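Novice: Structure supplied as start22.txt; contents: compact mmCIF, C-alpha atoms.
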# COMPACT_ATOMS: atom_id res chain seq x y z
CA LEU A 652 119.22 -8.81 42.46
CA ARG A 653 116.24 -9.51 44.72
CA THR A 654 114.38 -6.47 43.34
CA HIS A 655 114.96 -7.70 39.78
CA LEU A 656 113.50 -11.11 40.65
CA ASP A 657 110.44 -9.51 42.25
CA PHE A 658 109.73 -7.55 39.06
CA GLU A 659 110.07 -10.73 36.99
CA SER A 660 107.63 -12.64 39.23
CA ILE A 661 105.10 -9.78 39.07
CA ALA A 662 105.42 -9.63 35.30
CA MET A 663 104.92 -13.38 35.02
CA SER A 664 101.86 -13.17 37.29
CA PHE A 665 100.28 -10.48 35.12
CA ALA A 666 101.06 -12.49 32.00
CA GLY A 667 99.39 -15.58 33.47
CA THR A 668 96.33 -13.56 34.44
CA PHE A 669 96.13 -12.08 30.94
CA ASP A 670 96.37 -15.55 29.40
CA ARG A 671 93.52 -16.79 31.59
CA ILE A 672 91.37 -13.79 30.63
CA SER A 673 92.19 -14.43 26.99
CA ASP A 674 91.10 -18.06 27.39
CA VAL A 675 87.77 -16.96 28.86
CA LEU A 676 87.13 -14.43 26.10
CA SER A 677 88.22 -16.78 23.33
CA TYR A 678 85.92 -18.69 20.91
CA ARG A 679 86.39 -22.42 20.41
CA THR A 680 85.31 -24.41 17.39
CA ASN A 681 85.67 -28.02 16.38
CA LYS A 682 87.82 -29.04 13.48
CA GLN A 683 85.95 -30.35 10.48
CA VAL A 684 87.09 -33.59 8.93
CA VAL A 685 85.74 -34.69 5.57
CA ILE A 686 84.96 -38.40 5.61
CA ARG A 687 84.28 -39.73 2.13
CA ASP A 688 81.65 -42.30 3.13
CA ARG A 689 78.60 -42.48 0.88
CA VAL A 690 76.41 -44.13 3.51
CA LEU A 691 77.08 -41.44 6.11
CA GLY A 692 76.72 -38.73 3.47
CA ILE A 693 73.36 -40.03 2.31
CA LEU A 694 72.13 -40.41 5.91
CA ASN A 695 73.22 -36.85 6.70
CA ILE A 696 71.44 -35.41 3.64
CA VAL A 697 68.26 -37.41 4.32
CA CYS A 698 68.12 -36.47 8.01
CA ILE A 699 68.84 -32.76 7.51
CA SER A 700 66.36 -32.58 4.61
CA SER A 701 63.71 -34.30 6.72
CA ILE A 702 64.27 -31.82 9.56
CA VAL A 703 64.02 -28.85 7.17
CA ILE A 704 60.81 -30.23 5.65
CA TYR A 705 59.30 -31.03 9.07
CA ILE A 706 60.12 -27.67 10.66
CA GLY A 707 59.90 -25.38 7.64
CA VAL A 708 57.04 -26.95 5.71
CA TRP A 709 54.93 -28.84 8.23
CA LYS A 710 55.37 -27.01 11.56
CA ILE A 711 55.75 -23.47 10.23
CA GLY A 712 53.87 -23.74 6.92
CA PHE A 713 50.91 -25.99 7.79
CA ASP A 714 50.83 -26.18 11.59
CA LYS A 715 51.41 -22.41 11.93
CA ALA A 716 54.04 -22.81 14.66
CA TYR A 717 54.71 -19.07 14.49
CA LEU A 718 51.30 -18.28 16.00
CA GLU A 719 50.35 -17.77 19.62
CA TYR A 720 46.81 -18.97 20.37
CA GLU A 721 44.14 -17.83 22.81
CA PRO A 722 40.93 -19.81 23.57
CA VAL A 723 37.79 -18.01 22.48
CA SER A 724 34.87 -16.80 24.56
CA GLY A 725 31.48 -15.78 23.25
CA ASN A 726 27.74 -15.89 23.48
CA ILE A 727 25.00 -17.58 21.48
CA LYS A 728 21.30 -16.88 21.00
CA LEU A 729 18.99 -19.75 19.97
CA ASP A 730 15.49 -19.56 18.60
CA LEU A 731 13.19 -22.34 17.41
CA ALA A 732 10.80 -21.29 14.66
CA GLY A 733 8.08 -23.01 12.69
CA SER A 734 4.75 -24.80 12.91
CA THR A 735 3.11 -27.76 11.18
CA PRO A 736 -0.45 -26.82 10.14
CA SER A 737 0.07 -27.97 6.54
CA ILE A 738 1.10 -31.55 7.40
CA ASN A 739 -1.32 -34.35 6.55
CA LEU A 740 -1.17 -36.67 9.55
CA LEU A 741 -2.53 -39.56 7.48
CA GLU A 742 0.57 -39.48 5.30
CA GLU A 743 3.07 -39.64 8.18
CA GLU A 744 4.20 -43.21 8.87
CA TYR A 745 4.94 -42.65 12.57
CA CYS A 746 1.43 -41.23 13.12
CA ARG A 747 -0.08 -44.63 12.36
CA ALA A 748 1.49 -46.26 15.43
CA MET A 749 0.75 -43.39 17.84
CA LYS A 750 -1.49 -40.34 17.81
CA CYS A 751 0.07 -37.12 16.48
CA ARG A 752 -0.71 -33.48 17.13
CA LEU A 753 -0.03 -30.31 15.22
CA CYS A 754 2.09 -27.91 17.29
CA ASP A 755 3.94 -24.64 17.03
CA SER A 756 7.35 -23.61 18.36
CA HIS A 757 5.95 -22.58 21.77
CA ASP A 758 4.74 -26.16 22.33
CA VAL A 759 7.87 -27.78 20.95
CA ARG A 760 10.63 -25.68 22.55
CA TYR A 761 11.51 -26.31 26.19
CA PRO A 762 12.33 -24.28 28.16
CA ASN A 763 11.10 -21.03 26.65
CA ILE A 764 14.05 -19.07 27.99
CA ASP A 765 17.52 -18.16 26.72
CA THR A 766 19.58 -21.32 27.23
CA ARG A 767 22.36 -23.34 25.63
CA GLU A 768 20.59 -26.65 26.35
CA LEU A 769 17.38 -26.67 24.34
CA LEU A 770 14.90 -29.55 24.18
CA VAL A 771 13.02 -29.97 20.89
CA THR A 772 9.98 -31.95 22.00
CA THR A 773 8.99 -35.00 19.93
CA TYR A 774 6.83 -36.95 22.43
CA VAL A 775 4.44 -35.76 25.14
CA ARG A 776 2.44 -37.54 27.82
CA GLU A 777 -0.27 -35.49 29.52
CA ALA A 778 -1.19 -37.26 32.78
CA ARG A 779 -4.08 -35.89 34.80
CA GLN A 780 -3.38 -36.49 38.48
CA GLN A 781 -5.40 -35.99 41.66
CA ARG A 782 -4.23 -35.58 45.22
CA VAL A 783 -4.87 -38.73 47.22
CA CYS A 784 -3.39 -37.53 50.51
CA ARG A 785 -4.54 -34.46 52.42
CA ARG A 786 -2.42 -31.35 52.13
CA ASN A 787 -1.94 -31.25 55.91
CA ALA A 788 -1.49 -35.01 56.33
CA THR A 789 1.41 -36.14 58.51
CA GLU A 790 2.05 -39.24 56.39
CA CYS A 791 0.97 -40.77 53.08
CA PRO A 792 0.75 -44.51 52.30
CA PHE A 793 1.49 -43.93 48.59
CA LYS A 794 4.76 -43.21 46.82
CA SER A 795 3.35 -39.86 45.74
CA PRO A 796 0.50 -37.74 47.14
CA PHE A 797 -0.75 -37.51 43.52
CA GLN A 798 -2.10 -40.44 41.49
CA THR A 799 -2.74 -40.55 37.74
CA VAL A 800 -6.39 -40.92 36.74
CA LEU A 801 -6.20 -40.15 33.00
CA TRP A 802 -3.39 -39.78 30.48
CA ASP A 803 -2.86 -39.04 26.83
CA ASP A 804 0.24 -39.79 24.73
CA TYR A 805 1.04 -38.13 21.42
CA LEU A 806 3.87 -37.30 19.03
CA VAL A 807 4.68 -33.88 17.64
CA ALA A 808 3.91 -34.04 13.93
CA GLY A 809 6.60 -32.87 11.53
CA VAL A 810 9.20 -31.91 14.12
CA GLU A 811 11.89 -32.31 11.44
CA TYR A 812 10.60 -29.21 9.64
CA PHE A 813 11.12 -26.84 12.55
CA GLN A 814 14.07 -24.48 12.15
CA MET A 815 16.85 -23.46 14.50
CA ARG A 816 17.87 -19.83 14.12
CA LEU A 817 21.27 -18.92 15.54
CA ASP A 818 23.09 -15.69 16.25
CA HIS A 819 26.48 -16.01 17.96
CA SER A 820 29.51 -13.83 18.65
CA VAL A 821 33.10 -14.65 19.58
CA GLN A 822 36.32 -12.92 20.60
CA ALA A 823 39.83 -13.53 21.91
CA PRO A 824 39.57 -11.13 24.88
CA ASN A 825 43.27 -10.71 25.69
CA PHE A 826 44.37 -10.26 22.06
CA LEU A 827 41.50 -7.83 21.47
CA ALA A 828 42.34 -5.78 24.57
CA ALA A 829 46.06 -5.67 23.71
CA THR A 830 45.75 -4.79 20.01
CA GLN A 831 42.24 -3.30 19.63
CA ASN A 832 42.20 -5.14 16.30
CA LYS A 833 38.77 -6.22 15.07
CA MET A 834 40.28 -9.34 13.49
CA PHE A 835 40.12 -10.94 16.95
CA ARG A 836 36.33 -10.77 17.20
CA GLY A 837 33.34 -11.53 15.01
CA ASN A 838 29.62 -12.15 14.73
CA SER A 839 27.96 -14.92 12.77
CA ARG A 840 26.09 -12.37 10.64
CA GLN A 841 29.44 -11.05 9.31
CA MET A 842 31.50 -14.28 9.37
CA TYR A 843 31.70 -17.14 6.90
CA GLY A 844 30.62 -20.47 8.35
CA ARG A 845 29.75 -23.97 7.30
CA LEU A 846 28.07 -27.11 8.57
CA VAL A 847 30.39 -30.12 8.43
CA GLY A 848 29.79 -33.83 8.83
CA THR A 849 31.68 -37.07 8.45
CA ARG A 850 30.81 -39.08 5.36
CA ASP A 851 32.77 -42.19 4.34
CA GLY A 852 35.48 -41.33 6.83
CA GLN A 853 35.99 -37.81 5.45
CA VAL A 854 34.86 -34.43 6.74
CA ARG A 855 32.55 -32.86 4.17
CA THR A 856 30.79 -29.52 3.90
CA LEU A 857 27.03 -30.07 4.19
CA LYS A 858 25.88 -26.44 4.15
CA GLU A 859 27.47 -23.00 3.91
CA PHE A 860 26.54 -19.79 5.72
CA PRO A 861 27.78 -16.65 3.90
CA PRO A 862 28.31 -13.35 5.75
CA ASN A 863 24.99 -11.84 4.61
CA GLY A 864 23.96 -10.05 7.81
CA GLN A 865 21.27 -12.61 8.67
CA MET A 866 20.88 -15.27 11.34
CA ASP A 867 21.97 -18.81 10.47
CA MET A 868 19.08 -21.20 9.89
CA MET A 869 19.07 -24.99 9.99
CA THR A 870 16.15 -27.39 10.05
CA ILE A 871 15.97 -30.14 12.65
CA ARG A 872 16.22 -32.58 9.75
CA GLU A 873 19.59 -31.08 8.73
CA ILE A 874 20.87 -31.23 12.31
CA LEU A 875 19.87 -34.88 12.69
CA ALA A 876 21.41 -35.76 9.32
CA ALA A 877 24.69 -34.09 10.32
CA ALA A 878 24.68 -36.05 13.59
CA GLN A 879 23.75 -39.23 11.69
CA VAL A 880 20.60 -39.78 13.74
CA ASP A 881 17.45 -41.46 12.41
CA ILE A 882 14.67 -40.60 14.86
CA ASP A 883 12.49 -43.42 13.54
CA ARG A 884 15.02 -46.05 14.63
CA GLU A 885 15.91 -47.29 18.10
CA LEU A 886 18.98 -46.47 20.12
CA PRO A 887 21.09 -49.42 21.32
CA GLY A 888 19.40 -50.98 24.36
CA HIS A 889 15.96 -49.49 23.62
CA ILE A 890 12.89 -50.95 21.98
CA ARG A 891 11.20 -47.69 20.96
CA PRO A 892 12.40 -45.25 18.30
CA VAL A 893 14.26 -42.06 19.12
CA ARG A 894 11.09 -40.10 18.36
CA GLU A 895 9.56 -41.62 21.52
CA THR A 896 12.64 -41.93 23.76
CA GLY A 897 14.55 -38.76 22.92
CA ILE A 898 18.28 -38.29 22.39
CA VAL A 899 21.10 -35.87 23.27
CA VAL A 900 22.92 -34.15 20.40
CA TYR A 901 26.11 -32.20 21.14
CA CYS A 902 26.35 -29.08 18.98
CA ARG A 903 29.84 -27.65 18.63
CA ILE A 904 30.72 -24.29 17.09
CA ARG A 905 34.47 -24.13 16.40
CA TYR A 906 36.16 -20.81 15.57
CA PHE A 907 39.53 -20.33 13.84
CA ASN A 908 41.55 -17.71 11.93
CA ASP A 909 44.51 -19.77 10.65
CA TYR A 910 42.93 -20.97 7.41
CA THR A 911 45.16 -18.87 5.11
CA LEU A 912 48.72 -19.66 4.03
CA LEU A 913 50.05 -16.63 5.91
CA ALA A 914 48.07 -16.57 9.15
CA PRO A 915 46.37 -14.99 10.95
CA ALA A 916 43.58 -14.29 8.49
CA PRO A 917 41.82 -10.89 8.58
CA ALA A 918 38.46 -12.46 9.55
CA VAL A 919 37.31 -15.25 11.84
CA ARG A 920 35.51 -18.31 10.45
CA TYR A 921 33.49 -21.02 12.16
CA GLU A 922 32.16 -24.55 11.71
CA TYR A 923 29.09 -26.34 13.05
CA GLU A 924 29.56 -29.98 14.02
CA PHE A 925 26.88 -32.25 15.54
CA LEU A 926 27.62 -35.42 17.49
CA SER A 927 24.95 -37.76 18.83
CA GLY A 928 25.05 -39.22 22.32
CA SER A 929 23.81 -42.58 23.55
CA SER A 930 21.50 -41.34 26.30
CA VAL A 931 17.79 -40.50 26.14
CA GLU A 932 16.25 -37.29 27.40
CA SER A 933 13.06 -36.75 29.41
CA VAL A 934 11.67 -33.72 31.26
CA TYR A 935 8.84 -33.79 33.82
CA GLU A 936 6.82 -30.61 34.20
CA PRO A 937 3.96 -30.46 36.76
CA VAL A 938 1.21 -27.94 36.02
CA HIS A 939 -1.09 -27.37 39.01
CA LEU A 940 -4.72 -26.82 38.08
CA GLY A 941 -6.01 -25.44 41.39
CA VAL A 942 -7.59 -26.38 44.72
CA ALA A 943 -11.25 -26.59 45.77
CA TRP A 944 -10.81 -24.89 49.15
CA THR A 945 -14.54 -25.07 50.03
CA SER A 946 -14.62 -28.86 49.76
CA PRO A 947 -14.56 -30.79 53.04
CA VAL A 948 -11.74 -32.89 51.57
CA ASP A 949 -8.76 -31.43 49.71
CA VAL A 950 -9.46 -31.75 46.01
CA GLU A 951 -6.39 -30.74 44.05
CA GLU A 952 -5.47 -31.68 40.49
CA ARG A 953 -2.42 -31.23 38.36
CA MET A 954 -1.27 -32.08 34.87
CA MET A 955 2.05 -33.90 34.76
CA LEU A 956 3.65 -33.27 31.39
CA THR A 957 6.36 -35.71 30.34
CA ARG A 958 8.44 -34.39 27.47
CA ARG A 959 10.90 -36.41 25.43
CA GLY A 960 12.81 -35.09 22.51
CA ILE A 961 16.06 -33.95 20.97
CA LYS A 962 18.20 -32.16 23.52
CA LEU A 963 20.62 -29.81 21.75
CA VAL A 964 23.65 -28.97 23.92
CA TRP A 965 25.54 -26.03 22.38
CA THR A 966 29.20 -25.18 23.05
CA GLN A 967 31.60 -22.61 21.57
CA GLU A 968 35.15 -23.87 21.06
CA GLY A 969 38.36 -23.07 19.25
CA ALA A 970 41.21 -20.57 19.50
CA LEU A 971 42.37 -17.50 17.61
CA GLY A 972 46.03 -16.95 16.79
CA LYS A 973 48.35 -13.99 16.29
CA PHE A 974 51.97 -13.77 15.13
CA SER A 975 54.53 -14.41 17.87
CA PHE A 976 58.28 -14.01 17.31
CA SER A 977 59.04 -16.12 20.40
CA ALA A 978 56.88 -18.97 19.07
CA LEU A 979 58.75 -18.80 15.75
CA MET A 980 62.13 -18.88 17.54
CA ILE A 981 61.06 -21.92 19.55
CA ALA A 982 60.19 -23.77 16.35
CA VAL A 983 63.56 -22.81 14.78
CA ALA A 984 65.43 -23.81 17.97
CA VAL A 985 63.74 -27.22 17.93
CA GLY A 986 64.92 -27.70 14.34
CA LEU A 987 68.51 -26.71 15.20
CA ALA A 988 68.52 -29.05 18.20
CA MET A 989 67.31 -31.92 16.04
CA ALA A 990 70.04 -31.17 13.49
CA ARG A 991 72.66 -31.15 16.28
CA VAL A 992 71.46 -34.52 17.56
CA VAL A 993 71.77 -35.97 14.05
CA GLN A 994 75.30 -34.57 13.78
CA LEU A 995 76.36 -36.11 17.10
CA ILE A 996 74.97 -39.50 16.12
CA LEU A 997 76.73 -39.46 12.74
CA ASP A 998 80.01 -38.26 14.36
CA THR A 999 79.83 -41.20 16.76
CA ALA A 1000 79.13 -43.60 13.90
CA ALA A 1001 82.04 -42.21 11.91
Could you render the structure as C-alpha cells?

Specialist:
Amino acid sequence: LRTHLDFESIAMSFAGTFDRISDVLSYRTNKQVVIRDRVLGILNIVCISSIVIYIGVWKIGFDKAYLEYEPVSGNIKLDLAGSTPSINLLEEEYCRAMKCRLCDSHDVRYPNIDTRELLVTTYVREARQQRVCRRNATECPFKSPFQTVLWDDYLVAGVEYFQMRLDHSVQAPNFLAATQNKMFRGNSRQMYGRLVGTRDGQVRTLKEFPPNGQMDMMTIREILAAAQVDIDRELPGHIRPVRETGIVVYCRIRYFNDYTLLAPAPAVRYEYEFLSGSSVESVYEPVHLGVAWTSPVDVEERMMLTRRGIKLVWTQEGALGKFSFSALMIAVAVGLAMARVVQLILDTAA
C-alpha cells in the first residue's frame, strides 16, 4: 500500500511540473470585446490614422527616418579674382565723400594664403610712422615707440565687382570606407549646387551652379545681396557705412543626399547660405621700411596699414545618409508603441 502511494505522489509531482512548464511555454492573449460606441470608435480611427500618417508619411516619407546619417568633412579652396581699371571714380557716389583707389585682387585680398577666413578689403589707412624711442632704450614715455607723422585714407573702388572662385570637396568618411561607394563623396565641379537666400520669409534660389566641371563663381555684390547687407549703410551703433567699418559674413556650405523620394540619392548636392554678423572687422599690418644704422640716432620708419572690409568666414556643414534597417525598425517600433498607448487609453475610457 505504501509503495502504491509513493508512485501516486511521484506521478502527481511530475504532472505538476509539466503543468508549470506548459504555463511558461504558453501564449496569452486578451479577449476582445466589441463596444458599440460611436465616440470611442471615431477616436480610435482618428488616432490610429494620425499615427499611420505621422510615422508612414511624415517620418518615413519626408523625414527619411530609415536613413542613418554621418556628418561630412571636406576641404575648400578660395580665390579672389578681378580688378577695377575700367571704373570711373567720378561716377561712384561713395568716392565723393572719401578718396578712392583702383586696386587688383592682390591688394584687396588679405591674407594672400589659403584660408577659410578671407578679408575682402574695402577701406585702407596708410600711416607713416617713425620711431620716437631708441631701439636699445630701457623705457619709453609714449604708448608706442612709433608715432604717426603722415597718413592717407582711401576706399577700394568697385569692390562689389570682384569675384569669389570656389572649389570644394566633401565626403562621409566612415560610409565611404565601409562601402567604397562614390555616392558618399563629391566635388563642386561635379555636383549640383545653388545659392539660397531668405526673401519675404521664404527660402528662395538666387543662383544655380550646374555640374559643368568648373569652379563656382560669385561676385561680392551677389554675396552681400544674399546676406542682405548694404555696404553703403551703417551697422547698428555705428555712424559710418559698412564700406568704412567692415563687417563679418558667415558663409555656410551645406551638403545633403536625401533630396529624392527614395533616399539616398546617387549624388551629393550642396547649398550656399550667407548670414551677416553685427561686428566690424579691422586688421593692422605693420610694414617696416628699414633702419639708418649709420645715423647717430636710430631712424626707423614703418608703414602701418589698417584694413577694414568684408570678412568671409567659410564653413562646411551637413550630413550624408544611407539606408539603415535598424533606423527603420526604430521608427516602426515608435509607431506601434504610440498605437498601444492609444489602445490603453481608450480601454480605460471604455

Novice: Nearest to Glu768 in chain A among A:Cys902, A:Val985, A:Ile890, A:Val800, with distances taken over only C-alpha atoms: which residue is it?

Specialist: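 Answer, going by the shortest atom-to-atom distance: A:Cys902.
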
Novice: Take CA of Arg816 in chain A and CA of Asp867 in chain A and report the distance between them in Å, one decimal.

Specialist: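 So the two atoms, CA of Arg816 in chain A and CA of Asp867 in chain A, lie 5.6 Å apart.
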
Novice: Counting only C-alpha atoms, which of A:Leu817, A:Leu729, A:Leu694, A:Ala982 gets nearest to Gly712 in chain A?

Specialist: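 The shortest atom-to-atom distance to Gly712 in chain A comes from A:Ala982.
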
Novice: For the atom pair CA of His889 in chain A and CA of Gly848 in chain A, what is the interatomic distance in Å to one decimal place?

Specialist: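 CA of His889 in chain A sits 25.6 Å away from CA of Gly848 in chain A.
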
Novice: Can you measure CA of Asp714 in chain A to CA of Val919 in chain A for me? One decimal in Å is fine.

Specialist: 17.4 Å

Novice: For Glu922 in chain A, which of A:Phe907, A:Tyr812, A:Trp709, A:Tyr717 is the closest residue, counting all atoms listed in the file?

Specialist: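 Of A:Phe907, A:Tyr812, A:Trp709, A:Tyr717, the one nearest Glu922 in chain A is A:Phe907, counting all atoms listed in the file.
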
Novice: Please put the answer as AutoDock Vina command-line options: centre and edge lengths, in Å with one decimal, of a box along x, y and z that encloses all listed atoms of range 895-908 of chain A plus 8 Å on each side.

Specialist:
--center_x 25.6 --center_y -29.8 --center_z 17.8 --size_x 48.0 --size_y 40.2 --size_z 27.8

Novice: A:Ala916, A:Ala876, A:Met980, A:Leu963: which is nearest Leu857 in chain A, counting only C-alpha atoms?

Specialist: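 Using only C-alpha atoms, Leu857 in chain A sits closest to A:Ala876.
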
Novice: Could you check which of A:Phe793, A:Phe713, A:Tyr774, A:Tyr910 is closest to Tyr805 in chain A, using all atoms listed in the file?

Specialist: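 The answer is A:Tyr774, which sits nearest to Tyr805 in chain A.
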
Novice: Name the closest residue to Gln814 in chain A among the candidates A:Leu731, A:Val931, A:Ala984, A:Ala878; distances are taken between atoms, counting only C-alpha atoms.

Specialist: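 Comparing A:Leu731, A:Val931, A:Ala984, A:Ala878 against Gln814 in chain A, the winner is A:Leu731.
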
Novice: Counting all atoms listed in the file, what is within 12 Å of Leu741 in chain A, bar same-chain residues fewer than 4 positions away, as a count of residues only?

Specialist: 10

Novice: Within 12 Å of range 819-842 of chain A, which residues of range 884-973 of chain A show up? Give each one with its shortest atom-to-atom distance in Å (one decimal) and the two atoms involved, counting all atoms listed in the file, rows by chain then rising residue number, as a Markdown table.

Specialist:
| residue | atom | partner | partner_atom | distance |
| --- | --- | --- | --- | --- |
| A:Ile904 | CA | A:His819 | CA | 9.3 |
| A:Arg905 | CA | A:Val821 | CA | 10.1 |
| A:Tyr906 | CA | A:Val821 | CA | 8.0 |
| A:Phe907 | CA | A:Phe835 | CA | 9.9 |
| A:Asn908 | CA | A:Phe835 | CA | 8.5 |
| A:Asp909 | CA | A:Met834 | CA | 11.6 |
| A:Ala914 | CA | A:Met834 | CA | 11.5 |
| A:Pro915 | CA | A:Met834 | CA | 8.7 |
| A:Ala916 | CA | A:Met834 | CA | 7.8 |
| A:Pro917 | CA | A:Met834 | CA | 5.4 |
| A:Ala918 | CA | A:Met834 | CA | 5.3 |
| A:Val919 | CA | A:Gly837 | CA | 6.3 |
| A:Arg920 | CA | A:Met842 | CA | 5.8 |
| A:Tyr921 | CA | A:Met842 | CA | 7.6 |
| A:Glu922 | CA | A:Met842 | CA | 10.6 |
| A:Tyr923 | CA | A:Ser839 | CA | 11.5 |
| A:Trp965 | CA | A:His819 | CA | 11.0 |
| A:Thr966 | CA | A:His819 | CA | 10.8 |
| A:Gln967 | CA | A:Val821 | CA | 8.3 |
| A:Glu968 | CA | A:Val821 | CA | 9.6 |
| A:Gly969 | CA | A:Val821 | CA | 9.9 |
| A:Ala970 | CA | A:Ala823 | CA | 7.6 |
| A:Leu971 | CA | A:Ala823 | CA | 6.4 |
| A:Gly972 | CA | A:Phe835 | CA | 8.4 |
| A:Lys973 | CA | A:Phe826 | CA | 7.9 |

Novice: Save out the residues we just selected, C-alpha atoms, as a short mmCIF file (atom, residue, chain, number, x, y, z; two decimals), in the coordinates of the input.

Specialist:
data_model
loop_
_atom_site.label_atom_id
_atom_site.label_comp_id
_atom_site.auth_asym_id
_atom_site.auth_seq_id
_atom_site.Cartn_x
_atom_site.Cartn_y
_atom_site.Cartn_z
CA ILE A 904 30.72 -24.29 17.09
CA ARG A 905 34.47 -24.13 16.40
CA TYR A 906 36.16 -20.81 15.57
CA PHE A 907 39.53 -20.33 13.84
CA ASN A 908 41.55 -17.71 11.93
CA ASP A 909 44.51 -19.77 10.65
CA ALA A 914 48.07 -16.57 9.15
CA PRO A 915 46.37 -14.99 10.95
CA ALA A 916 43.58 -14.29 8.49
CA PRO A 917 41.82 -10.89 8.58
CA ALA A 918 38.46 -12.46 9.55
CA VAL A 919 37.31 -15.25 11.84
CA ARG A 920 35.51 -18.31 10.45
CA TYR A 921 33.49 -21.02 12.16
CA GLU A 922 32.16 -24.55 11.71
CA TYR A 923 29.09 -26.34 13.05
CA TRP A 965 25.54 -26.03 22.38
CA THR A 966 29.20 -25.18 23.05
CA GLN A 967 31.60 -22.61 21.57
CA GLU A 968 35.15 -23.87 21.06
CA GLY A 969 38.36 -23.07 19.25
CA ALA A 970 41.21 -20.57 19.50
CA LEU A 971 42.37 -17.50 17.61
CA GLY A 972 46.03 -16.95 16.79
CA LYS A 973 48.35 -13.99 16.29
#
